[in-house]
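coords-v6.pdb follows (PDB, C-alpha atoms):
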```pdb
ATOM      1  CA  MET F   1       6.167 -17.432  -9.452
ATOM      2  CA  HIS F   2       7.502 -17.422  -5.905
ATOM      3  CA  SER F   3       7.537 -20.135  -3.248
ATOM      4  CA  TYR F   4       4.549 -18.492  -1.538
ATOM      5  CA  GLY F   5       2.449 -17.967  -4.646
ATOM      6  CA  TRP F   6       2.038 -16.053  -7.869
ATOM      7  CA  ARG F   7       2.787 -12.314  -7.695
ATOM      8  CA  PHE F   8       1.452  -9.674 -10.087
ATOM      9  CA  PRO F   9       2.637  -6.049  -9.735
ATOM     10  CA  ILE F  10       0.185  -3.366 -10.883
ATOM     11  CA  PRO F  11       1.497   0.230 -11.155
ATOM     12  CA  ALA F  12      -1.003   3.005 -10.383
ATOM     13  CA  LYS F  13       0.233   6.540 -11.016
ATOM     14  CA  ALA F  14      -3.126   8.155 -10.220
ATOM     15  CA  CYS F  15      -3.284   7.062  -6.560
ATOM     16  CA  GLY F  16      -2.800   9.778  -3.997
ATOM     17  CA  ALA F  17      -1.000   9.407  -0.685
ATOM     18  CA  ASP F  18      -4.299   9.188   1.199
ATOM     19  CA  PHE F  19      -5.715   6.400  -1.012
ATOM     20  CA  ASP F  20      -6.923   3.360   0.960
ATOM     21  CA  PRO F  21      -7.633   0.255  -1.171
ATOM     22  CA  ARG F  22      -9.690  -1.340   1.634
ATOM     23  CA  THR F  23     -12.339   1.404   1.506
ATOM     24  CA  SER F  24     -12.149   2.419  -2.150
ATOM     25  CA  GLU F  25     -15.323   2.082  -4.208
ATOM     26  CA  ARG F  26     -13.539   2.680  -7.517
ATOM     27  CA  LEU F  27     -14.280   0.173 -10.252
ATOM     28  CA  GLY F  28     -10.621  -0.744 -10.709
ATOM     29  CA  MET F  29     -10.275  -1.766  -7.069
ATOM     30  CA  GLN F  30     -13.462  -3.819  -7.299
ATOM     31  CA  VAL F  31     -12.215  -5.561 -10.450
ATOM     32  CA  VAL F  32      -8.925  -6.449  -8.746
ATOM     33  CA  GLY F  33     -10.172  -6.921  -5.177
ATOM     34  CA  LEU F  34     -13.035  -9.357  -5.767
ATOM     35  CA  PRO F  35     -11.019 -12.118  -7.495
ATOM     36  CA  VAL F  36      -8.182 -11.684  -4.981
ATOM     37  CA  LYS F  37     -10.660 -12.243  -2.155
ATOM     38  CA  GLN F  38     -12.338 -15.197  -3.898
ATOM     39  CA  LEU F  39      -8.986 -16.877  -4.551
ATOM     40  CA  LYS F  40      -7.837 -16.249  -0.950
ATOM     41  CA  GLY F  41      -5.033 -14.038  -2.141
ATOM     42  CA  ALA F  42      -3.538 -10.837  -0.788
ATOM     43  CA  LEU F  43      -3.423  -7.277  -2.076
ATOM     44  CA  THR F  44      -0.611  -5.084  -0.766
ATOM     45  CA  ILE F  45       0.371  -1.536  -1.655
ATOM     46  CA  HIS F  46       3.859  -0.045  -1.954
ATOM     47  CA  ARG F  47       4.171   3.747  -1.921
ATOM     48  CA  ALA F  48       7.912   4.040  -2.499
ATOM     49  CA  TRP F  49       7.561   6.589  -5.319
ATOM     50  CA  ALA F  50       5.013   8.876  -6.957
ATOM     51  CA  GLY F  51       1.764   6.987  -7.270
ATOM     52  CA  ALA F  52       1.682   3.455  -5.936
ATOM     53  CA  ARG F  53       2.335  -0.123  -6.871
ATOM     54  CA  PHE F  54      -0.147  -2.810  -5.935
ATOM     55  CA  ILE F  55       1.056  -6.379  -5.537
ATOM     56  CA  VAL F  56      -1.508  -9.135  -6.020
ATOM     57  CA  THR F  57      -0.332 -12.416  -4.488
ATOM     58  CA  LEU F  58      -2.270 -15.607  -5.144
ATOM     59  CA  PRO F  59      -1.549 -18.902  -3.351
ATOM     60  CA  LEU F  60      -0.132 -21.899  -5.155
ATOM     61  CA  ALA F  61      -2.605 -24.665  -5.924
ATOM     62  CA  ALA F  62      -2.644 -27.334  -3.201
TER      63      ALA F  62
END
```

Could you rewrite the structure in this file as C-alpha coordinates?
Amino acid sequence: MHSYGWRFPIPAKACGADFDPRTSERLGMQVVGLPVKQLKGALTIHRAWAGARFIVTLPLAA
(Lines of atoms letter the chains of each structure in order from A and count residues from 1; the text may use other names and numbers.)
(Lines give C-alpha, C1' and ligand atoms only; values in the text may rest on other atoms or scores of the structure.)
Protein backbone atom coordinates (compact mmCIF):
# COMPACT_ATOMS: atom_id res chain seq x y z
CA MET A 1 0.00 0.00 0.00
CA HIS A 2 1.20 3.49 -0.85
CA SER A 3 0.07 6.89 0.41
CA TYR A 4 -1.94 7.41 -2.78
CA GLY A 5 -3.61 4.01 -2.85
CA TRP A 6 -3.16 0.30 -3.37
CA ARG A 7 -0.89 -0.71 -6.28
CA PHE A 8 -0.97 -4.05 -8.09
CA PRO A 9 1.64 -4.79 -10.79
CA ILE A 10 0.56 -7.18 -13.56
CA PRO A 11 3.27 -8.46 -15.95
CA ALA A 12 2.18 -9.13 -19.54
CA LYS A 13 4.81 -10.73 -21.77
CA ALA A 14 2.45 -11.11 -24.74
CA CYS A 15 1.83 -7.38 -25.30
CA GLY A 16 3.41 -5.87 -28.36
CA ALA A 17 4.87 -2.39 -28.62
CA ASP A 18 1.79 -1.12 -30.45
CA PHE A 19 -0.67 -2.43 -27.82
CA ASP A 20 -3.06 0.24 -26.51
CA PRO A 21 -5.02 -0.77 -23.37
CA ARG A 22 -7.57 2.04 -23.91
CA THR A 23 -8.80 0.53 -27.20
CA SER A 24 -8.18 -3.17 -26.57
CA GLU A 25 -11.19 -5.48 -26.74
CA ARG A 26 -9.32 -8.44 -25.27
CA LEU A 27 -11.04 -10.22 -22.41
CA GLY A 28 -8.11 -9.72 -20.04
CA MET A 29 -8.25 -5.95 -20.45
CA GLN A 30 -12.00 -5.98 -19.88
CA VAL A 31 -11.60 -8.08 -16.73
CA VAL A 32 -9.01 -5.65 -15.36
CA GLY A 33 -10.35 -2.40 -16.82
CA LEU A 34 -13.97 -2.58 -15.67
CA PRO A 35 -13.31 -2.88 -11.91
CA VAL A 36 -10.57 -0.24 -12.13
CA LYS A 37 -13.06 2.15 -13.72
CA GLN A 38 -15.83 1.29 -11.23
CA LEU A 39 -13.50 1.82 -8.27
CA LYS A 40 -12.21 5.12 -9.73
CA GLY A 41 -8.72 3.72 -10.02
CA ALA A 42 -6.02 4.11 -12.64
CA LEU A 43 -4.40 1.70 -15.07
CA THR A 44 -0.93 2.62 -16.31
CA ILE A 45 1.47 0.73 -18.56
CA HIS A 46 5.26 0.52 -18.33
CA ARG A 47 7.16 -0.71 -21.39
CA ALA A 48 10.67 -0.73 -19.95
CA TRP A 49 11.44 -4.27 -21.14
CA ALA A 50 10.11 -7.00 -23.42
CA GLY A 51 6.37 -7.17 -22.99
CA ALA A 52 4.79 -4.73 -20.58
CA ARG A 53 3.87 -4.25 -16.97
CA PHE A 54 0.48 -2.86 -16.05
CA ILE A 55 0.05 -1.06 -12.75
CA VAL A 56 -3.44 -0.98 -11.26
CA THR A 57 -3.77 1.77 -8.64
CA LEU A 58 -6.88 1.95 -6.48
CA PRO A 59 -7.63 4.86 -4.13
CA LEU A 60 -7.61 4.47 -0.37
CA ALA A 61 -11.02 4.31 1.27
CA ALA A 62 -12.20 7.74 2.44

Query raised in the report: Between F:Ala52, F:Gly41, F:Leu34, F:Arg47, which one has atoms that come closest to F:Tyr4, using all atoms listed in the file?
Result: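 Among the listed residues, the smallest separation from F:Tyr4 belongs to F:Gly41.
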
Query raised in the report: Pick from F:Leu58, F:Gly28, F:Ile10, F:Thr23: nearest to F:Ile45, with all atoms listed in the file counted?
Result: F:Ile10

Query raised in the report: Applied to this file, what does the PyMOL selection byres ((chain F and resi 11) around 9) return in terms of residues, put as number ranges by chain?
Result: F: 9-10, 12-13, 51-55

Query - Separation of atom CA of F:Phe8 from atom CA of F:Leu39, in Å and rounded to one decimal - result: 13.8 Å

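You will find atom CA of F:Val31 at 12.1 Å from atom CA of F:Val56.
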
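Using only C-alpha atoms, the nearest neighbour of F:Arg7 within the list F:Pro35, F:Ala61, F:Met29, F:Ala42 is F:Ala42.
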
Query raised in the report: Expressed in Å to a single decimal, how great is the separation between atom CA of F:Arg26 and atom CA of F:Lys40?
Result: 20.8 Å
